[in-house]
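**Student:** Sharing protein_9.csv below, CSV, N, CA and C atoms:
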```csv
chain,number,residue,atom,x,y,z
A,1,THR,N,182.9,53.1,-127.8
A,1,THR,CA,184.2,52.6,-127.3
A,1,THR,C,184.1,51.1,-127.1
A,2,GLU,N,185.2,50.5,-127.1
A,2,GLU,CA,185.3,49.1,-126.9
A,2,GLU,C,184.3,48.2,-127.6
A,3,VAL,N,184.2,48.3,-128.9
A,3,VAL,CA,183.4,47.5,-129.7
A,3,VAL,C,184.3,46.4,-130.3
A,4,ARG,N,183.8,45.1,-130.1
A,4,ARG,CA,184.6,44.0,-130.6
A,4,ARG,C,184.5,43.9,-132.1
A,5,HIS,N,185.6,43.8,-132.8
A,5,HIS,CA,185.7,43.7,-134.2
A,5,HIS,C,186.3,42.3,-134.5
A,6,THR,N,185.6,41.4,-135.2
A,6,THR,CA,186.1,40.1,-135.5
A,6,THR,C,186.3,40.0,-137.0
A,7,PHE,N,187.5,39.7,-137.4
A,7,PHE,CA,187.8,39.6,-138.9
A,7,PHE,C,189.1,38.9,-139.0
A,8,ALA,N,189.3,38.3,-140.2
A,8,ALA,CA,190.5,37.6,-140.5
A,8,ALA,C,190.9,36.6,-139.4
A,9,GLY,N,189.9,35.9,-138.8
A,9,GLY,CA,190.2,34.9,-137.9
A,9,GLY,C,190.6,35.3,-136.5
A,10,ARG,N,190.4,36.6,-136.2
A,10,ARG,CA,190.8,37.1,-134.9
A,10,ARG,C,189.8,38.2,-134.4
A,11,SER,N,189.7,38.4,-133.1
A,11,SER,CA,188.9,39.5,-132.6
A,11,SER,C,189.9,40.6,-131.9
A,12,ILE,N,189.5,41.8,-132.1
A,12,ILE,CA,190.2,42.9,-131.4
A,12,ILE,C,189.2,43.7,-130.7
A,13,LEU,N,189.6,44.4,-129.7
A,13,LEU,CA,188.8,45.2,-128.9
A,13,LEU,C,189.5,46.6,-128.6
A,14,PRO,N,189.4,47.5,-129.6
A,14,PRO,CA,190.1,48.8,-129.5
A,14,PRO,C,189.6,49.6,-128.3
A,15,ASP,N,190.4,50.4,-127.8
A,15,ASP,CA,189.9,51.3,-126.7
A,15,ASP,C,188.8,52.2,-127.3
A,16,VAL,N,189.0,52.7,-128.5
A,16,VAL,CA,188.0,53.5,-129.2
A,16,VAL,C,188.1,53.1,-130.7
A,17,SER,N,186.9,52.9,-131.3
A,17,SER,CA,186.9,52.6,-132.7
A,17,SER,C,185.9,53.4,-133.4
A,18,PHE,N,186.1,53.7,-134.6
A,18,PHE,CA,185.2,54.5,-135.4
A,18,PHE,C,184.9,53.8,-136.7
A,19,GLN,N,183.7,53.7,-137.1
A,19,GLN,CA,183.2,53.0,-138.3
A,19,GLN,C,182.3,54.0,-139.1
A,20,LEU,N,182.6,54.2,-140.4
A,20,LEU,CA,181.8,55.0,-141.2
A,20,LEU,C,180.4,54.4,-141.2
A,21,ILE,N,179.4,55.3,-141.2
A,21,ILE,CA,178.0,54.9,-141.1
A,21,ILE,C,177.5,53.9,-142.1
A,22,ASP,N,178.0,53.9,-143.3
A,22,ASP,CA,177.6,52.9,-144.3
A,22,ASP,C,178.1,51.5,-144.0
A,23,LYS,N,179.0,51.4,-143.1
A,23,LYS,CA,179.6,50.1,-142.7
A,23,LYS,C,179.0,49.6,-141.4
A,24,VAL,N,178.2,50.4,-140.7
A,24,VAL,CA,177.7,50.0,-139.4
A,24,VAL,C,176.5,49.0,-139.6
A,25,GLY,N,176.6,47.8,-139.0
A,25,GLY,CA,175.5,46.9,-139.1
A,25,GLY,C,174.4,47.3,-138.1
A,26,LEU,N,173.2,47.0,-138.5
A,26,LEU,CA,172.0,47.4,-137.7
A,26,LEU,C,171.2,46.2,-137.2
A,27,LYS,N,170.7,46.3,-136.0
A,27,LYS,CA,169.8,45.3,-135.5
A,27,LYS,C,168.4,45.6,-136.1
A,28,PRO,N,167.5,44.6,-136.0
A,28,PRO,CA,166.1,44.8,-136.6
A,28,PRO,C,165.5,46.1,-136.0
A,29,ASP,N,165.8,46.5,-134.8
A,29,ASP,CA,165.2,47.7,-134.2
A,29,ASP,C,165.8,49.0,-134.6
A,30,GLY,N,166.9,48.9,-135.5
A,30,GLY,CA,167.5,50.1,-136.0
A,30,GLY,C,168.7,50.6,-135.2
A,31,THR,N,169.0,49.9,-134.1
A,31,THR,CA,170.2,50.3,-133.3
A,31,THR,C,171.4,49.6,-133.9
A,32,ALA,N,172.6,50.2,-133.6
A,32,ALA,CA,173.8,49.6,-134.0
A,32,ALA,C,174.1,48.2,-133.4
A,33,SER,N,174.6,47.3,-134.3
A,33,SER,CA,174.9,46.0,-133.8
A,33,SER,C,176.2,46.0,-133.0
A,34,ASN,N,176.3,45.2,-132.0
A,34,ASN,CA,177.6,45.1,-131.3
A,34,ASN,C,178.5,44.0,-131.8
A,35,VAL,N,178.0,43.4,-132.9
A,35,VAL,CA,178.8,42.4,-133.6
A,35,VAL,C,179.3,43.0,-134.9
A,36,VAL,N,180.7,43.2,-135.0
A,36,VAL,CA,181.3,43.8,-136.1
A,36,VAL,C,182.2,42.8,-136.8
A,37,SER,N,182.0,42.5,-138.0
A,37,SER,CA,182.9,41.5,-138.7
A,37,SER,C,183.9,42.1,-139.7
A,38,ILE,N,184.2,43.4,-139.5
A,38,ILE,CA,185.2,44.1,-140.4
A,38,ILE,C,186.0,44.9,-139.5
A,39,PRO,N,187.2,45.3,-139.9
A,39,PRO,CA,188.1,46.2,-139.1
A,39,PRO,C,187.5,47.6,-139.0
A,40,PRO,N,187.8,48.3,-137.9
A,40,PRO,CA,187.3,49.6,-137.8
A,40,PRO,C,188.0,50.5,-138.8
A,41,ASP,N,187.4,51.6,-139.2
A,41,ASP,CA,188.0,52.6,-140.0
A,41,ASP,C,189.1,53.3,-139.3
A,42,ILE,N,188.9,53.6,-138.0
A,42,ILE,CA,189.9,54.2,-137.1
A,42,ILE,C,190.0,53.3,-135.8
A,43,ASP,N,191.2,52.9,-135.5
A,43,ASP,CA,191.4,52.1,-134.3
A,43,ASP,C,192.3,52.9,-133.4
A,44,VAL,N,191.9,53.2,-132.2
A,44,VAL,CA,192.6,54.0,-131.2
A,44,VAL,C,193.0,53.1,-130.0
A,45,GLU,N,194.2,53.1,-129.6
A,45,GLU,CA,194.7,52.4,-128.4
A,45,GLU,C,195.4,53.4,-127.5
A,46,VAL,N,195.1,53.4,-126.3
A,46,VAL,CA,195.7,54.3,-125.3
A,46,VAL,C,196.5,53.4,-124.4
A,47,ILE,N,197.8,53.6,-124.4
A,47,ILE,CA,198.7,52.7,-123.6
A,47,ILE,C,198.6,53.0,-122.1
A,48,SER,N,198.2,52.0,-121.3
A,48,SER,CA,198.1,52.1,-119.9
A,48,SER,C,199.4,51.6,-119.3
A,49,PRO,N,199.7,51.9,-118.0
A,49,PRO,CA,201.0,51.4,-117.4
A,49,PRO,C,201.3,50.0,-117.5
A,50,ASP,N,200.3,49.1,-117.5
A,50,ASP,CA,200.5,47.6,-117.5
A,50,ASP,C,200.3,47.0,-118.9
A,51,GLN,N,200.2,47.9,-119.9
A,51,GLN,CA,199.9,47.4,-121.3
A,51,GLN,C,201.2,47.3,-122.1
A,52,SER,N,201.4,46.3,-122.9
A,52,SER,CA,202.5,46.0,-123.7
A,52,SER,C,202.5,46.8,-125.0
A,53,VAL,N,203.5,47.7,-125.2
A,53,VAL,CA,203.6,48.5,-126.4
A,53,VAL,C,203.8,47.6,-127.6
A,54,PRO,N,204.7,46.6,-127.6
A,54,PRO,CA,204.9,45.7,-128.7
A,54,PRO,C,203.6,45.0,-129.1
A,55,LYS,N,202.9,44.5,-128.1
A,55,LYS,CA,201.6,43.8,-128.4
A,55,LYS,C,200.6,44.7,-129.0
A,56,THR,N,200.5,45.9,-128.5
A,56,THR,CA,199.6,46.9,-129.1
A,56,THR,C,200.0,47.3,-130.5
A,57,HIS,N,201.3,47.4,-130.7
A,57,HIS,CA,201.8,47.7,-132.1
A,57,HIS,C,201.4,46.6,-133.1
A,58,THR,N,201.5,45.3,-132.6
A,58,THR,CA,201.1,44.2,-133.5
A,58,THR,C,199.6,44.2,-133.7
A,59,LYS,N,198.9,44.5,-132.7
A,59,LYS,CA,197.4,44.6,-132.9
A,59,LYS,C,197.0,45.7,-133.9
A,60,LEU,N,197.7,46.9,-133.8
A,60,LEU,CA,197.4,47.9,-134.8
A,60,LEU,C,197.8,47.6,-136.2
A,61,LEU,N,199.0,46.9,-136.3
A,61,LEU,CA,199.4,46.5,-137.7
A,61,LEU,C,198.4,45.4,-138.3
A,62,PHE,N,197.9,44.5,-137.4
A,62,PHE,CA,196.9,43.6,-137.9
A,62,PHE,C,195.7,44.3,-138.4
A,63,SER,N,195.2,45.3,-137.7
A,63,SER,CA,194.1,46.1,-138.2
A,63,SER,C,194.4,46.8,-139.5
A,64,ILE,N,195.5,47.4,-139.6
A,64,ILE,CA,195.9,48.1,-140.9
A,64,ILE,C,196.0,47.2,-142.0
A,65,VAL,N,196.7,46.0,-141.8
A,65,VAL,CA,196.9,45.1,-142.9
A,65,VAL,C,195.5,44.5,-143.4
A,66,HIS,N,194.5,44.5,-142.6
A,66,HIS,CA,193.3,43.9,-142.9
A,66,HIS,C,192.2,44.9,-143.3
A,67,GLY,N,192.6,46.2,-143.5
A,67,GLY,CA,191.6,47.2,-144.0
A,67,GLY,C,191.3,48.4,-143.2
A,68,CYS,N,191.9,48.5,-142.0
A,68,CYS,CA,191.7,49.7,-141.2
A,68,CYS,C,192.5,50.8,-141.9
A,69,THR,N,191.9,52.0,-141.9
A,69,THR,CA,192.5,53.1,-142.6
A,69,THR,C,193.5,53.9,-141.7
A,70,LEU,N,193.2,54.0,-140.4
A,70,LEU,CA,194.0,54.8,-139.5
A,70,LEU,C,194.1,54.1,-138.2
A,71,GLY,N,195.3,53.9,-137.7
A,71,GLY,CA,195.5,53.4,-136.3
A,71,GLY,C,196.2,54.5,-135.5
A,72,VAL,N,195.8,54.6,-134.3
A,72,VAL,CA,196.4,55.7,-133.4
A,72,VAL,C,196.8,55.0,-132.1
A,73,MET,N,198.1,55.1,-131.7
A,73,MET,CA,198.5,54.6,-130.4
A,73,MET,C,199.0,55.8,-129.6
A,74,VAL,N,198.3,56.0,-128.5
A,74,VAL,CA,198.5,57.2,-127.6
A,74,VAL,C,199.4,56.7,-126.4
A,75,HIS,N,200.5,57.4,-126.2
A,75,HIS,CA,201.5,57.1,-125.2
A,75,HIS,C,201.4,58.3,-124.1
A,76,PRO,N,200.5,58.2,-123.1
A,76,PRO,CA,200.4,59.2,-122.1
A,76,PRO,C,201.6,59.5,-121.4
A,77,GLU,N,202.4,58.5,-121.1
A,77,GLU,CA,203.7,58.7,-120.3
A,77,GLU,C,204.6,59.7,-120.9
A,78,ASN,N,204.8,59.5,-122.3
A,78,ASN,CA,205.8,60.4,-122.9
A,78,ASN,C,205.2,61.4,-123.9
A,79,ARG,N,203.8,61.5,-123.8
A,79,ARG,CA,203.1,62.5,-124.5
A,79,ARG,C,203.4,62.5,-126.1
A,80,THR,N,203.4,61.3,-126.6
A,80,THR,CA,203.5,61.1,-128.0
A,80,THR,C,202.4,60.3,-128.5
A,81,ILE,N,202.2,60.3,-129.8
A,81,ILE,CA,201.1,59.6,-130.5
A,81,ILE,C,201.7,58.9,-131.8
A,82,ASP,N,201.6,57.6,-131.9
A,82,ASP,CA,202.0,57.0,-133.1
A,82,ASP,C,200.8,56.8,-134.1
A,83,VAL,N,201.0,57.2,-135.3
A,83,VAL,CA,199.9,57.1,-136.3
A,83,VAL,C,200.3,56.0,-137.3
A,84,TYR,N,199.3,55.1,-137.5
A,84,TYR,CA,199.5,54.0,-138.4
A,84,TYR,C,198.6,54.2,-139.7
A,85,ARG,N,199.2,54.0,-140.8
A,85,ARG,CA,198.4,54.1,-142.1
A,85,ARG,C,198.9,52.9,-143.0
A,86,PRO,N,198.0,52.5,-143.9
A,86,PRO,CA,198.4,51.4,-144.8
A,86,PRO,C,199.7,51.7,-145.6
A,87,ASN,N,200.5,50.8,-145.8
A,87,ASN,CA,201.7,50.9,-146.6
A,87,ASN,C,202.7,52.0,-146.2
A,88,ARG,N,202.7,52.3,-145.0
A,88,ARG,CA,203.6,53.3,-144.4
A,88,ARG,C,204.1,52.9,-143.1
A,89,PRO,N,205.3,53.2,-142.7
A,89,PRO,CA,205.7,52.9,-141.3
A,89,PRO,C,205.0,53.8,-140.3
A,90,PRO,N,204.8,53.4,-139.1
A,90,PRO,CA,204.2,54.3,-138.1
A,90,PRO,C,204.9,55.6,-138.0
A,91,GLU,N,204.2,56.7,-137.8
A,91,GLU,CA,204.8,58.0,-137.6
A,91,GLU,C,204.6,58.5,-136.2
A,92,ARG,N,205.6,58.9,-135.5
A,92,ARG,CA,205.5,59.4,-134.2
A,92,ARG,C,205.3,60.9,-134.2
A,93,LEU,N,204.3,61.3,-133.5
A,93,LEU,CA,204.0,62.7,-133.3
A,93,LEU,C,204.2,63.2,-131.9
A,94,ALA,N,204.9,64.3,-131.8
A,94,ALA,CA,205.2,64.9,-130.5
A,94,ALA,C,204.1,65.9,-130.2
A,95,ASP,N,204.3,66.6,-129.0
A,95,ASP,CA,203.4,67.5,-128.5
A,95,ASP,C,203.0,68.6,-129.5
A,96,ASP,N,204.0,69.0,-130.4
A,96,ASP,CA,203.7,70.0,-131.4
A,96,ASP,C,203.1,69.5,-132.7
A,97,GLY,N,202.8,68.2,-132.8
A,97,GLY,CA,202.3,67.6,-134.0
A,97,GLY,C,200.8,67.6,-134.0
A,98,ALA,N,200.2,67.1,-135.0
A,98,ALA,CA,198.7,67.0,-135.1
A,98,ALA,C,198.3,65.7,-135.9
A,99,ILE,N,197.2,65.1,-135.5
A,99,ILE,CA,196.7,63.9,-136.2
A,99,ILE,C,195.8,64.4,-137.3
A,100,ASP,N,196.1,64.0,-138.5
A,100,ASP,CA,195.2,64.2,-139.6
A,100,ASP,C,194.3,63.0,-139.9
A,101,PHE,N,193.0,63.1,-139.7
A,101,PHE,CA,192.1,62.0,-139.8
A,101,PHE,C,191.7,61.6,-141.2
A,102,ALA,N,192.2,62.4,-142.2
A,102,ALA,CA,191.9,62.0,-143.6
A,102,ALA,C,192.5,60.7,-143.9
A,103,PRO,N,192.0,59.9,-144.8
A,103,PRO,CA,190.8,60.2,-145.7
A,103,PRO,C,189.5,59.8,-145.0
A,104,VAL,N,189.6,59.2,-143.8
A,104,VAL,CA,188.3,58.8,-143.1
A,104,VAL,C,187.4,60.0,-142.8
A,105,LEU,N,188.0,60.9,-142.1
A,105,LEU,CA,187.3,62.2,-141.7
A,105,LEU,C,188.1,63.4,-142.3
A,106,PRO,N,187.9,63.6,-143.6
A,106,PRO,CA,188.7,64.7,-144.2
A,106,PRO,C,188.4,66.1,-143.5
A,107,GLY,N,189.5,66.8,-143.3
A,107,GLY,CA,189.3,68.1,-142.7
A,107,GLY,C,189.5,68.1,-141.2
A,108,LEU,N,189.4,66.9,-140.6
A,108,LEU,CA,189.6,66.8,-139.1
A,108,LEU,C,191.1,66.6,-138.8
A,109,VAL,N,191.6,67.6,-138.1
A,109,VAL,CA,193.0,67.6,-137.7
A,109,VAL,C,193.0,68.0,-136.2
A,110,ILE,N,193.5,67.1,-135.4
A,110,ILE,CA,193.5,67.4,-133.9
A,110,ILE,C,195.0,67.5,-133.4
A,111,PRO,N,195.4,68.6,-132.8
A,111,PRO,CA,196.7,68.7,-132.3
A,111,PRO,C,197.0,67.7,-131.2
A,112,VAL,N,198.2,67.2,-131.1
A,112,VAL,CA,198.5,66.2,-130.1
A,112,VAL,C,198.4,66.8,-128.7
A,113,ALA,N,198.8,68.1,-128.5
A,113,ALA,CA,198.6,68.7,-127.2
A,113,ALA,C,197.2,68.8,-126.8
A,114,GLU,N,196.2,68.9,-127.7
A,114,GLU,CA,194.8,69.0,-127.4
A,114,GLU,C,194.4,67.6,-126.9
A,115,VAL,N,194.8,66.5,-127.5
A,115,VAL,CA,194.5,65.2,-127.1
A,115,VAL,C,194.9,65.0,-125.6
A,116,PHE,N,196.1,65.4,-125.3
A,116,PHE,CA,196.6,65.2,-123.9
A,116,PHE,C,195.9,66.1,-123.0
A,117,SER,N,195.4,67.3,-123.4
A,117,SER,CA,194.6,68.1,-122.5
A,117,SER,C,193.3,67.5,-122.1
A,118,TRP,N,192.8,66.6,-122.9
A,118,TRP,CA,191.6,65.9,-122.6
A,118,TRP,C,191.8,64.9,-121.4
A,119,MET,N,193.0,64.5,-121.2
A,119,MET,CA,193.3,63.5,-120.2
A,119,MET,C,193.6,64.1,-118.9
A,120,ARG,N,193.6,65.4,-118.7
A,120,ARG,CA,193.8,66.0,-117.4
A,120,ARG,C,192.5,65.9,-116.6
A,121,VAL,N,192.7,65.8,-115.3
A,121,VAL,CA,191.6,65.8,-114.4
A,121,VAL,C,191.1,67.2,-114.2
A,122,ARG,N,189.8,67.4,-114.4
A,122,ARG,CA,189.2,68.7,-114.2
A,122,ARG,C,188.2,68.6,-113.2
A,123,ARG,N,188.2,69.6,-112.3
A,123,ARG,CA,187.1,69.6,-111.2
A,123,ARG,C,186.2,70.7,-111.5
A,124,ARG,N,184.9,70.4,-111.2
A,124,ARG,CA,183.9,71.5,-111.3
A,124,ARG,C,184.1,72.5,-110.2
A,125,PRO,N,183.9,73.7,-110.5
A,125,PRO,CA,184.0,74.8,-109.4
A,125,PRO,C,183.3,74.4,-108.1
A,126,GLY,N,184.0,74.5,-107.0
A,126,GLY,CA,183.4,74.2,-105.7
A,126,GLY,C,183.4,72.8,-105.3
A,127,THR,N,184.1,71.9,-106.1
A,127,THR,CA,184.1,70.5,-105.7
A,127,THR,C,185.3,70.0,-105.1
A,128,GLY,N,186.3,70.9,-104.8
A,128,GLY,CA,187.5,70.5,-104.2
A,128,GLY,C,188.7,71.2,-104.7
A,129,PRO,N,189.9,70.8,-104.3
A,129,PRO,CA,191.1,71.5,-104.8
A,129,PRO,C,191.3,71.4,-106.3
A,130,ALA,N,191.8,72.5,-106.9
A,130,ALA,CA,192.0,72.5,-108.3
A,130,ALA,C,193.2,71.7,-108.8
```
Kindly present the structure from the file in structure tokens form.
**Tutor:**
Amino acid sequence: TEVRHTFAGRSILPDVSFQLIDKVGLKPDGTASNVVSIPPDIDVEVISPDQSVPKTHTKLLFSIVHGCTLGVMVHPENRTIDVYRPNRPPERLADDGAIDFAPVLPGLVIPVAEVFSWMRVRRRPGTGPA
């Protein structure tokens, strides 16, 4: 999460980014570099209450125009997800939709409702009110 990607004269810091293994730069010790000079393959942004949707939209379009294959904007307040792909307008998915991660991760399809279920607070048994 939050790996800085610097490309096309600008840096972005997605909430979550995914890079295919053959594009991951390595340090001499074999660990992943925290300096990335290409766009992510998948760029995920989760809109927080104080975050600008238009600014985030522009950020995702910048990634897509410069080589990102899939952009995802999660709107927790209205339980929708916008999916960005090259040469297509963003697609809004409602609770009954699903994100198809192809061609980056073929076969991975995650229902929107499942994404929002991950955002619920869960307490371990015996740690307080449910």
**Student:** Give the helix (DSSP H, G or I) residues of chain A, as DSSP finds them on the backbone, and put them as a ChimeraX atom specification.
**Tutor:** /A:21-23,53-65,112-117
**Student:** Looking at A:Ile99, A:His66, A:Ile47, A:Lys59, which one is nearest to Asn78 (chain A), with distances taken over only C-alpha atoms?
**Tutor:** A:Ile47
**Student:** What residues have an atom no more than 8 Å from (190.0, 47.4, -129.4) in the file's own frame, counting all atoms listed in the file, and can you write them as a PyMOL selection string?
**Tutor:** chain A and resi 1-5+11-17+43-45
**Student:** Report, in Å with one decimal, the straight-line distance from atom N of Tyr84 (chain A) to atom C of Leu70 (chain A).
**Tutor:**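 Between atom N of Tyr84 (chain A) and atom C of Leu70 (chain A) the gap works out to 5.3 Å.
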**Student:** Just the number, please: distance in Å from atom N of Lys27 (chain A) to atom C of Thr58 (chain A), one decimal.
**Tutor:** 29.1 Å
**Student:** From the list A:Gly97, A:Pro28, A:Pro39, A:Pro106, which residue is nearest Cys68 (chain A) when using all atoms listed in the file?
**Tutor:** A:Pro39
**Student:** Could you state the separation of atom N of Leu105 (chain A) and atom C of Asn87 (chain A) in Å, given to one decimal place?
**Tutor:**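 Between these atoms lies a distance of 17.7 Å.
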**Student:** Name the closest residue to Thr80 (chain A) among the candidates A:Val104, A:Val35, A:Val112, A:Val24; distances are taken between atoms, counting all atoms listed in the file.
**Tutor:**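 Nearest candidate to Thr80 (chain A) out of A:Val104, A:Val35, A:Val112, A:Val24: A:Val112.
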**Student:** Considering all atoms listed in the file, state which residue in the set A:Lys23, A:Gly9, A:Val121, A:Arg85 is at the smallest distance from Thr69 (chain A).
**Tutor:**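 Looking only at the distances to Thr69 (chain A), the closest residue turns out to be A:Arg85.
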**Student:** Which residue out of A:His57, A:Val109, A:Glu114, A:Val46 has the minimum interatomic distance to Val74 (chain A) when only N, CA and C atoms are used?
**Tutor:** A:Val46
**Student:** Got a sec: who's within 10 Å of Val115 (chain A), counting only C-alpha atoms, leaving out chain neighbours fewer than 3 positions off, as a ChimeraX atom specification?
**Tutor:** /A:74,76,79-81,95,98-99,110-112,118-120
**Student:** Residues of chain A classed as strand (DSSP E or B) by DSSP on the backbone are to be reported as JSON, numbers by chain.
**Tutor:** {"A": [5, 6, 7, 10, 11, 12, 16, 17, 18, 26, 32, 36, 42, 43, 44, 45, 46, 70, 71, 72, 73, 74, 75, 80, 81, 82, 83, 84, 91, 92, 93, 98, 99, 100, 109, 110, 111]}
**Student:** Keeping only N, CA and C atoms, write the selected residues to a file as a compact mmCIF listing (two decimals), in the coordinates of the input.
**Tutor:**
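What follows is the written file out12.txt:
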```txt
# COMPACT_ATOMS: atom_id res chain seq x y z
N HIS A 5 185.60 43.80 -132.80
CA HIS A 5 185.70 43.70 -134.20
C HIS A 5 186.30 42.30 -134.50
N THR A 6 185.60 41.40 -135.20
CA THR A 6 186.10 40.10 -135.50
C THR A 6 186.30 40.00 -137.00
N PHE A 7 187.50 39.70 -137.40
CA PHE A 7 187.80 39.60 -138.90
C PHE A 7 189.10 38.90 -139.00
N ARG A 10 190.40 36.60 -136.20
CA ARG A 10 190.80 37.10 -134.90
C ARG A 10 189.80 38.20 -134.40
N SER A 11 189.70 38.40 -133.10
CA SER A 11 188.90 39.50 -132.60
C SER A 11 189.90 40.60 -131.90
N ILE A 12 189.50 41.80 -132.10
CA ILE A 12 190.20 42.90 -131.40
C ILE A 12 189.20 43.70 -130.70
N VAL A 16 189.00 52.70 -128.50
CA VAL A 16 188.00 53.50 -129.20
C VAL A 16 188.10 53.10 -130.70
N SER A 17 186.90 52.90 -131.30
CA SER A 17 186.90 52.60 -132.70
C SER A 17 185.90 53.40 -133.40
N PHE A 18 186.10 53.70 -134.60
CA PHE A 18 185.20 54.50 -135.40
C PHE A 18 184.90 53.80 -136.70
N LEU A 26 173.20 47.00 -138.50
CA LEU A 26 172.00 47.40 -137.70
C LEU A 26 171.20 46.20 -137.20
N ALA A 32 172.60 50.20 -133.60
CA ALA A 32 173.80 49.60 -134.00
C ALA A 32 174.10 48.20 -133.40
N VAL A 36 180.70 43.20 -135.00
CA VAL A 36 181.30 43.80 -136.10
C VAL A 36 182.20 42.80 -136.80
N ILE A 42 188.90 53.60 -138.00
CA ILE A 42 189.90 54.20 -137.10
C ILE A 42 190.00 53.30 -135.80
N ASP A 43 191.20 52.90 -135.50
CA ASP A 43 191.40 52.10 -134.30
C ASP A 43 192.30 52.90 -133.40
N VAL A 44 191.90 53.20 -132.20
CA VAL A 44 192.60 54.00 -131.20
C VAL A 44 193.00 53.10 -130.00
N GLU A 45 194.20 53.10 -129.60
CA GLU A 45 194.70 52.40 -128.40
C GLU A 45 195.40 53.40 -127.50
N VAL A 46 195.10 53.40 -126.30
CA VAL A 46 195.70 54.30 -125.30
C VAL A 46 196.50 53.40 -124.40
N LEU A 70 193.20 54.00 -140.40
CA LEU A 70 194.00 54.80 -139.50
C LEU A 70 194.10 54.10 -138.20
N GLY A 71 195.30 53.90 -137.70
CA GLY A 71 195.50 53.40 -136.30
C GLY A 71 196.20 54.50 -135.50
N VAL A 72 195.80 54.60 -134.30
CA VAL A 72 196.40 55.70 -133.40
C VAL A 72 196.80 55.00 -132.10
N MET A 73 198.10 55.10 -131.70
CA MET A 73 198.50 54.60 -130.40
C MET A 73 199.00 55.80 -129.60
N VAL A 74 198.30 56.00 -128.50
CA VAL A 74 198.50 57.20 -127.60
C VAL A 74 199.40 56.70 -126.40
N HIS A 75 200.50 57.40 -126.20
CA HIS A 75 201.50 57.10 -125.20
C HIS A 75 201.40 58.30 -124.10
N THR A 80 203.40 61.30 -126.60
CA THR A 80 203.50 61.10 -128.00
C THR A 80 202.40 60.30 -128.50
N ILE A 81 202.20 60.30 -129.80
CA ILE A 81 201.10 59.60 -130.50
C ILE A 81 201.70 58.90 -131.80
N ASP A 82 201.60 57.60 -131.90
CA ASP A 82 202.00 57.00 -133.10
C ASP A 82 200.80 56.80 -134.10
N VAL A 83 201.00 57.20 -135.30
CA VAL A 83 199.90 57.10 -136.30
C VAL A 83 200.30 56.00 -137.30
N TYR A 84 199.30 55.10 -137.50
CA TYR A 84 199.50 54.00 -138.40
C TYR A 84 198.60 54.20 -139.70
N GLU A 91 204.20 56.70 -137.80
CA GLU A 91 204.80 58.00 -137.60
C GLU A 91 204.60 58.50 -136.20
N ARG A 92 205.60 58.90 -135.50
CA ARG A 92 205.50 59.40 -134.20
C ARG A 92 205.30 60.90 -134.20
N LEU A 93 204.30 61.30 -133.50
CA LEU A 93 204.00 62.70 -133.30
C LEU A 93 204.20 63.20 -131.90
N ALA A 98 200.20 67.10 -135.00
CA ALA A 98 198.70 67.00 -135.10
C ALA A 98 198.30 65.70 -135.90
N ILE A 99 197.20 65.10 -135.50
CA ILE A 99 196.70 63.90 -136.20
C ILE A 99 195.80 64.40 -137.30
N ASP A 100 196.10 64.00 -138.50
CA ASP A 100 195.20 64.20 -139.60
C ASP A 100 194.30 63.00 -139.90
N VAL A 109 191.60 67.60 -138.10
CA VAL A 109 193.00 67.60 -137.70
C VAL A 109 193.00 68.00 -136.20
N ILE A 110 193.50 67.10 -135.40
CA ILE A 110 193.50 67.40 -133.90
C ILE A 110 195.00 67.50 -133.40
N PRO A 111 195.40 68.60 -132.80
CA PRO A 111 196.70 68.70 -132.30
C PRO A 111 197.00 67.70 -131.20
```
**Student:** Find, counting all atoms listed in the file, the residue in A:Pro40, A:Phe18, A:Glu77, A:Pro103 that gets nearest to Ser63 (chain A).
**Tutor:** A:Pro40
